[in-house]
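Here's the structure, in C-alpha cells; my notes come after.
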Amino acid sequence: MTVAAAAGDAVLEECVRSVATSWVASWRETLRREGRAMEGGWPGTLAEARVLVLQKLGPELAKRGLASPPHENIARASRAAYAAARRAWLSAASPED
C-alpha cells in the first residue's frame, strides 16, 4: 500500500466516525425540537449515508491533496457509517411500545 493510499484510508475512517456521530446527533436534535422521544429503529438510510460520506470526504481529501478513493471504498465507507450510526442510535434509543 502506498503512503497516499494509507492516508486516503485514514481519511475514510475518520470520515466514517465523523459522519456517524454527527448524523445521530442531527436526528436526536430534530426529534428534540419536535418534542419526540428518541425511540425505535434507526431512521437513516444507506442512500443518506452515501451522500453524507461524499459531502464530508470530498473537502477532507482536497484539503490533504489526495485523490478520491475508488467507488468500492466509498461504498464500504457508506455502509460503515450507516452501521456505526445505527449501532449508536440503537444503544441510546428507547424501544418502541
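As shown in the C-alpha cells, the chain order sets the letters A, B, ...; within each chain, residues go from 1, and ligands are also counted from 1 in the order they appear.
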
Next item on the list: Name the residues in contact with Leu90 in chain A at a cut-off of 9 Å, using only C-alpha atoms, excluding same-chain residues fewer than 2 positions from it; report them as JSON, numbers by chain.
Entry: {"A": [39, 40, 41, 42, 85, 86, 87, 88, 92, 93, 94, 95]}

Next item on the list: Give me the residues within 10 Å of range 57-63 of chain A as a VMD selection string, counting only C-alpha atoms and dropping any in the same chain fewer than 6 places off.
Entry: chain A and resid 7 to 8 11 to 12 14 to 16 19 51 69 74 77

Note to self: Excluding Leu46 in chain A and its own-chain neighbours fewer than 4 positions away, which residues fall within 7 Å of it when counting only C-alpha atoms? Please give them as a list in words.
What the structure shows: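 The neighbour list is Arg50, Ser78, Arg79 and Tyr82 of chain A.
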
Margin query: So the first atom is CA of Arg17 in chain A and the second is CA of Ala80 in chain A; what is the distance between them in Å, to one decimal place?
Written below: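 The value is 8.7 Å.
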
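In this comparison, which uses only C-alpha atoms, the residue of A:Glu29, A:Glu34, A:Glu48, A:Glu13 approaching Asn73 in chain A most closely is A:Glu13.
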
Note to self: Going by DSSP on the backbone, which residues of range 6-97 of chain A come out as helix (DSSP H, G or I)? List them as a PyMOL selection string.
What the structure shows: chain A and resi 6-33+46-64+71-92

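With only C-alpha atoms as the atoms that count, the minimum distance from Val24 in chain A to the choices A:Asp9, A:Leu52, A:Ala47, A:Ala75 is reached by A:Leu52.
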
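Proximity of A:Ser91, A:Ala83, A:Gly65, A:His71 to Thr45 in chain A, computed with only C-alpha atoms, is greatest for A:Ala83.
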